[in-house]
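Data block below; observations after.
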Amino acid sequence: MQSLYKTSHLLDTEHLSHKELNLIFDLARKFKNNDTLGTHRGTNVGFLFHEASTRTKGSFLIACKNLGINVLDLSPQNSSFVKGESLVDTAENLIALGVNLFVIRHNQSGIMNYLSEKIDVPIINGGDGMHAHPTQALLDAFTLIEHFGSIENKKVSIIGDIKHSRVARSNIHTLKTLGAEITVIGPKTFIPIGIEKMGVNISYSLDTILESDIIMALRIQKERQLSGLIPSFSDYASCYGIKEKHLTEIKSEAVIMHPGPVNRGIEISGKVADSKNSLILEQTTNGIFIRMAVISLLLEGNL
Ligand code: CP
């Protein structure tokens with residue numbers, strides 16, 4: 001359906017060009033260097049987090065505070081959502097209260113695409129079901145560019161439950177746009193049929209990480225294990241967990257990433273998460289500046 005409105009949103013990374021990615025990264029860099037602060041005083045941002053979050057919500061809150069923005073944090077348990085009010089009605093009423101932009105996390109894939117047809121203020125997708133997590137992919141790419149300078153032709157391994165991962169999907173789009181070569185790794189039950197059409201290689205062996213410049217482990221979502229996709233956590237950890245021994249086998253300059261929250265001892269060992277190769281906490285910190293940049297660009301109509 002064609003949108004009634006001309007408002008821009010950030011719902012996925014699929015449609016972001018290399019030029020738009022650079023626009024976001026350049027502004028994030030300025031914010032990181034403290035060039036511009038408090039530029040949106042008086043603006044109201046509505047937070048609708050229908051799923052738990054530490055990093056995404058925390059960094060969006062700090063991003064808004066740094067920009068002088070007021071936050072209306074209406075978690076479902078504290079709002080009239082518990083009385084049955086729909087997401088569209090909630091959003092329209094918050095707009096009537098003066099909300100200028102929404103940050104939403106939801107367990108239903110695509111729900112923000114639906115909402116974007118109904119309202120005319122920008123929406124930032126903070127993660128929707130298995131669909132997309134655009135700001136995670138942006139902060140991951142920003143962290144990598146900061147580290148390597150460029151990720152053109154870098155070999156990236158993404159390991160884990162690719163099938164159900166919004167982080168994997170958003171990262172594949174962004175890293176491909178930036179010229180990286182991507183291999184997805186995992187047991188067959190975690191690799192979606194047809195994923196190669198996204199321009200990625202497939203491997204069922206963790207040995208592939210030995211040739212990689214960038215090793216990105218995904219969180220094992222415990223609810224999936226219950227549906228029988230893997231025999232057990234320990235079985236997964238033994239075949240696909242990144243362990244201390246890998247630190248001596250991978251390229252010495254390779255970096256290890258994880259979007260969090262980390263299940264230490266399953267997809268990645270504590271020693272690996274805390275190693276000198278790990279960029280995990282840099283990823284978290286950079287979330288603030290990427291989110292400041294995306295909020296600013298959308299409020300100014302520049303994205
Ligand atoms: N990476 C990420 O989305 O973490 P949170 O669920 O803690 O926000």
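Following the order of the structure tokens, chains are lettered A, B, ..., residues in each are numbered from 1, and ligands are numbered from 1.
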Next on the checklist: For the structure I just gave you, how does DSSP split stretch 191-248 of chain A - specifically, which residues are strand (DSSP E or B)? Reply as a ChimeraX atom specification.
Outcome noted: /A:201-203,214-217,242
Selection above as a file: C-alpha atoms, as a short mmCIF file (atom, residue, chain, number, x, y, z; two decimals), in the first residue's frame:
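out.cif, freshly written:
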data_model
loop_
_atom_site.label_atom_id
_atom_site.label_comp_id
_atom_site.auth_asym_id
_atom_site.auth_seq_id
_atom_site.Cartn_x
_atom_site.Cartn_y
_atom_site.Cartn_z
CA ASN A 201 28.01 -17.43 1.28
CA ILE A 202 26.86 -20.29 3.51
CA SER A 203 29.05 -22.45 5.75
CA ILE A 214 35.20 -9.76 11.30
CA ILE A 215 33.54 -12.44 13.43
CA MET A 216 30.02 -11.60 14.51
CA ALA A 217 28.31 -14.03 16.91
CA ILE A 242 33.62 -19.30 19.87
#
Next on the checklist: At a cut-off of 6 Å and counting only C-alpha atoms and all ligand atoms, what residues surround ligand 1? Please answer as JSON, numbers by chain.
Outcome noted: {"A": [53, 54, 55, 56, 57, 259, 260, 261]}
Can I get the selected residues back with N, CA and C atoms, as an mmCIF file, in the first residue's frame?
data_model
loop_
_atom_site.group_PDB
_atom_site.id
_atom_site.type_symbol
_atom_site.label_atom_id
_atom_site.label_comp_id
_atom_site.auth_asym_id
_atom_site.auth_seq_id
_atom_site.Cartn_x
_atom_site.Cartn_y
_atom_site.Cartn_z
ATOM 1 N N SER A 53 14.689 -4.488 26.656
ATOM 2 C CA SER A 53 15.896 -3.962 26.006
ATOM 3 C C SER A 53 16.777 -3.290 27.045
ATOM 4 N N THR A 54 18.065 -3.508 26.942
ATOM 5 C CA THR A 54 19.035 -2.770 27.765
ATOM 6 C C THR A 54 19.791 -1.771 26.900
ATOM 7 N N ARG A 55 20.514 -2.288 25.886
ATOM 8 C CA ARG A 55 21.388 -1.450 25.056
ATOM 9 C C ARG A 55 20.600 -0.470 24.187
ATOM 10 N N THR A 56 19.584 -0.964 23.476
ATOM 11 C CA THR A 56 18.872 -0.106 22.524
ATOM 12 C C THR A 56 18.132 0.998 23.267
ATOM 13 N N LYS A 57 17.359 0.606 24.268
ATOM 14 C CA LYS A 57 16.591 1.607 25.010
ATOM 15 C C LYS A 57 17.516 2.555 25.769
ATOM 16 N N PRO A 259 25.925 -8.482 19.279
ATOM 17 C CA PRO A 259 25.000 -7.374 19.553
ATOM 18 C C PRO A 259 24.544 -7.310 21.006
ATOM 19 N N GLY A 260 24.718 -8.423 21.737
ATOM 20 C CA GLY A 260 24.219 -8.494 23.108
ATOM 21 C C GLY A 260 22.709 -8.746 23.119
ATOM 22 N N PRO A 261 22.160 -9.252 24.202
ATOM 23 C CA PRO A 261 22.894 -9.725 25.381
ATOM 24 C C PRO A 261 23.633 -11.032 25.087
#
Please build the interface table for stretch 146-205 of chain A against stretch 266-274 of chain A with a cut-off of 12 Å, listing for each qualifying residue the nearest atom pair and the distance in Å to one decimal; count only C-alpha atoms, order rows by chain and increasing number, and write it as JSON lines.
{"residue": "A:Ile158", "atom": "CA", "partner": "A:Glu267", "partner_atom": "CA", "distance": 11.4}
{"residue": "A:Ile159", "atom": "CA", "partner": "A:Glu267", "partner_atom": "CA", "distance": 8.4}
{"residue": "A:Gly160", "atom": "CA", "partner": "A:Glu267", "partner_atom": "CA", "distance": 7.5}
{"residue": "A:Asp161", "atom": "CA", "partner": "A:Glu267", "partner_atom": "CA", "distance": 10.2}
{"residue": "A:Ile185", "atom": "CA", "partner": "A:Glu267", "partner_atom": "CA", "distance": 11.9}
{"residue": "A:Gly186", "atom": "CA", "partner": "A:Glu267", "partner_atom": "CA", "distance": 10.8}
Within 12 Å of A:Asp35 using only C-alpha atoms, minus same-chain residues under 5 positions, as an mmCIF file with C-alpha atoms, in the first residue's frame:
data_model
loop_
_atom_site.group_PDB
_atom_site.id
_atom_site.type_symbol
_atom_site.label_atom_id
_atom_site.label_comp_id
_atom_site.auth_asym_id
_atom_site.auth_seq_id
_atom_site.Cartn_x
_atom_site.Cartn_y
_atom_site.Cartn_z
ATOM 1 C CA ASP A 26 29.594 11.491 9.538
ATOM 2 C CA LEU A 27 27.016 12.991 11.899
ATOM 3 C CA ALA A 28 27.552 10.216 14.480
ATOM 4 C CA ARG A 29 31.310 10.987 14.338
ATOM 5 C CA LYS A 30 30.584 14.682 14.984
ATOM 6 C CA ASN A 66 22.204 14.617 24.816
ATOM 7 C CA LEU A 67 20.002 16.259 22.177
ATOM 8 C CA PHE A 289 26.073 8.461 18.615
#
Next on the checklist: If you run DSSP on the backbone here, which positions in stretch 49-178 of chain A get helix (DSSP H, G or I)? Please write them as a PyMOL selection string.
Outcome noted: chain A and resi 55-66+76-78+80-83+87-96+111-116+134-148+166-177
Item to check | Gap from atom CA of A:His258 to atom CA of A:Asp73 - Å, one decimal | outcome: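 Pair atom CA of A:His258 / atom CA of A:Asp73 returns 26.7 Å.
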Next on the checklist: Can you tell me which residues surround stretch 9-19 of chain A at a distance of at most 6 Å, considering only C-alpha atoms, apart from same-chain residues fewer than 5 positions away, and format the answer as a list in words?
Outcome noted: Pro122, Ile123, Ile124, Asn125, Ala132, Pro134, Ser170 and His173 of chain A
Selected residues written out, N, CA, C and O atoms, as a CSV table (one decimal), in the first residue's frame:
chain,number,residue,atom,x,y,z
A,122,PRO,N,8.0,10.6,12.1
A,122,PRO,CA,9.0,9.5,11.8
A,122,PRO,C,8.9,8.4,12.9
A,122,PRO,O,8.7,8.7,14.1
A,123,ILE,N,9.2,7.2,12.4
A,123,ILE,CA,9.3,6.1,13.3
A,123,ILE,C,10.7,5.5,13.2
A,123,ILE,O,11.2,5.3,12.0
A,124,ILE,N,11.4,5.2,14.3
A,124,ILE,CA,12.7,4.5,14.2
A,124,ILE,C,12.4,3.1,14.8
A,124,ILE,O,11.9,2.9,15.9
A,125,ASN,N,12.7,2.1,14.0
A,125,ASN,CA,12.5,0.7,14.4
A,125,ASN,C,13.6,0.3,15.3
A,125,ASN,O,14.8,0.2,14.9
A,132,ALA,N,13.9,-6.7,11.3
A,132,ALA,CA,15.0,-5.7,11.1
A,132,ALA,C,15.3,-5.1,12.5
A,132,ALA,O,14.5,-4.9,13.4
A,134,PRO,N,17.6,-1.9,12.4
A,134,PRO,CA,18.5,-1.0,11.6
A,134,PRO,C,19.5,-0.3,12.4
A,134,PRO,O,20.7,-0.2,12.0
A,170,SER,N,19.6,-7.1,9.0
A,170,SER,CA,19.9,-5.7,8.9
A,170,SER,C,21.4,-5.6,8.6
A,170,SER,O,21.9,-4.7,7.8
A,173,HIS,N,22.4,-6.5,4.9
A,173,HIS,CA,22.1,-5.3,4.0
A,173,HIS,C,23.2,-4.3,4.1
A,173,HIS,O,23.7,-3.8,3.1
Next on the checklist: I'd like the interatomic distance between atom CA of A:Ser116 and atom CA of A:Ala141, to a tenth of an Å.
Outcome noted: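 Between these atoms lies a distance of 25.6 Å.
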Next on the checklist: I need the residue nearest A:Ser275 from this list: A:Ile290, A:Cys239, A:Val255, A:Ile209. Use only C-alpha atoms for the distance.
Outcome noted: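 Comparing A:Ile290, A:Cys239, A:Val255, A:Ile209 against A:Ser275, the winner is A:Val255.
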Checklist entry - Which polymer residues have any atom within 10 Å of an atom of A:Arg169, counting only C-alpha atoms, with same-chain residues fewer than 2 positions away left out, as a ChimeraX atom specification? => result /A:12-14,130-134,137,162-167,171-174,195,198
Output for the residues just chosen: N, CA and C atoms as an mmCIF file, in the first residue's frame:
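And here is the file that came out, part_17.cif:
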data_model
loop_
_atom_site.group_PDB
_atom_site.id
_atom_site.type_symbol
_atom_site.label_atom_id
_atom_site.label_comp_id
_atom_site.auth_asym_id
_atom_site.auth_seq_id
_atom_site.Cartn_x
_atom_site.Cartn_y
_atom_site.Cartn_z
ATOM 1 N N ASP A 12 14.199 -0.238 8.241
ATOM 2 C CA ASP A 12 15.142 -1.318 7.944
ATOM 3 C C ASP A 12 16.397 -0.693 7.340
ATOM 4 N N THR A 13 17.362 -1.541 6.964
ATOM 5 C CA THR A 13 18.584 -0.995 6.343
ATOM 6 C C THR A 13 18.633 -1.302 4.848
ATOM 7 N N GLU A 14 17.627 -2.026 4.385
ATOM 8 C CA GLU A 14 17.614 -2.509 3.003
ATOM 9 C C GLU A 14 17.693 -1.368 2.000
ATOM 10 N N MET A 130 11.407 -10.788 13.684
ATOM 11 C CA MET A 130 12.573 -11.356 12.990
ATOM 12 C C MET A 130 12.968 -10.488 11.811
ATOM 13 N N HIS A 131 12.335 -9.295 11.679
ATOM 14 C CA HIS A 131 12.484 -8.509 10.459
ATOM 15 C C HIS A 131 13.759 -7.670 10.410
ATOM 16 N N ALA A 132 13.872 -6.679 11.282
ATOM 17 C CA ALA A 132 14.981 -5.722 11.137
ATOM 18 C C ALA A 132 15.346 -5.073 12.474
ATOM 19 N N HIS A 133 16.600 -4.672 12.568
ATOM 20 C CA HIS A 133 17.094 -3.909 13.727
ATOM 21 C C HIS A 133 18.093 -2.909 13.144
ATOM 22 N N PRO A 134 17.569 -1.887 12.427
ATOM 23 C CA PRO A 134 18.456 -1.036 11.633
ATOM 24 C C PRO A 134 19.520 -0.295 12.432
ATOM 25 N N ALA A 137 22.521 -2.492 13.160
ATOM 26 C CA ALA A 137 23.415 -2.674 12.003
ATOM 27 C C ALA A 137 24.231 -1.410 11.749
ATOM 28 N N ILE A 162 20.582 -17.443 12.052
ATOM 29 C CA ILE A 162 20.385 -16.451 10.989
ATOM 30 C C ILE A 162 18.889 -16.351 10.651
ATOM 31 N N LYS A 163 18.223 -17.503 10.700
ATOM 32 C CA LYS A 163 16.816 -17.581 10.287
ATOM 33 C C LYS A 163 15.910 -16.630 11.079
ATOM 34 N N HIS A 164 16.153 -16.549 12.378
ATOM 35 C CA HIS A 164 15.256 -15.762 13.225
ATOM 36 C C HIS A 164 15.861 -14.431 13.656
ATOM 37 N N SER A 165 16.985 -14.046 13.025
ATOM 38 C CA SER A 165 17.720 -12.889 13.548
ATOM 39 C C SER A 165 17.480 -11.611 12.744
ATOM 40 N N ARG A 166 16.856 -10.633 13.403
ATOM 41 C CA ARG A 166 16.688 -9.310 12.768
ATOM 42 C C ARG A 166 18.046 -8.603 12.650
ATOM 43 N N VAL A 167 18.950 -8.906 13.593
ATOM 44 C CA VAL A 167 20.284 -8.296 13.550
ATOM 45 C C VAL A 167 21.047 -8.799 12.320
ATOM 46 N N ASN A 171 22.259 -6.413 9.286
ATOM 47 C CA ASN A 171 23.702 -6.334 9.059
ATOM 48 C C ASN A 171 24.078 -6.778 7.656
ATOM 49 N N ILE A 172 23.421 -7.813 7.153
ATOM 50 C CA ILE A 172 23.747 -8.275 5.795
ATOM 51 C C ILE A 172 23.518 -7.128 4.804
ATOM 52 N N HIS A 173 22.375 -6.450 4.908
ATOM 53 C CA HIS A 173 22.091 -5.343 3.972
ATOM 54 C C HIS A 173 23.161 -4.250 4.083
ATOM 55 N N THR A 174 23.466 -3.837 5.312
ATOM 56 C CA THR A 174 24.398 -2.714 5.498
ATOM 57 C C THR A 174 25.820 -3.084 5.076
ATOM 58 N N ILE A 195 18.834 -17.882 1.463
ATOM 59 C CA ILE A 195 19.612 -16.757 2.014
ATOM 60 C C ILE A 195 20.700 -16.308 1.026
ATOM 61 N N MET A 198 20.568 -13.158 -0.939
ATOM 62 C CA MET A 198 20.983 -11.868 -0.358
ATOM 63 C C MET A 198 22.456 -11.587 -0.664
#
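For the choices A:Asp213, A:Asp120, A:Glu253, A:Glu196, the atom-to-atom distance to A:Phe102 is smallest for A:Asp120 when using only C-alpha atoms.
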Item to check | Using only C-alpha atoms: which of A:Thr143, A:Thr189, A:Asn107, A:Ser227 has the shortest distance to A:Gly287 | outcome: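 Smallest separation from A:Gly287 among the options: A:Thr143.
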Item to check | atom CA of A:His50 to atom CA of A:Pro76, distance in Å rounded to a single decimal | outcome: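 Going from atom CA of A:His50 over to atom CA of A:Pro76 covers 6.0 Å.
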Checklist entry - With distances taken over only C-alpha atoms, which of A:Val121, A:Val262, A:Ile62, A:Ala52 is nearest to A:Ser75? => result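 Checking each of A:Val121, A:Val262, A:Ile62, A:Ala52 against A:Ser75, counting only C-alpha atoms, the winner is A:Ala52.
When only C-alpha atoms are used to measure the gap to A:Glu282, the shortest distance among A:Leu97, A:Ile182, A:Leu299, A:Ile145 belongs to A:Ile145.
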Checklist entry - Taking into account only C-alpha atoms, which residue in the set A:Ile191, A:Leu298, A:Val45, A:Val82 is nearest to A:Ile95? => result A:Val45
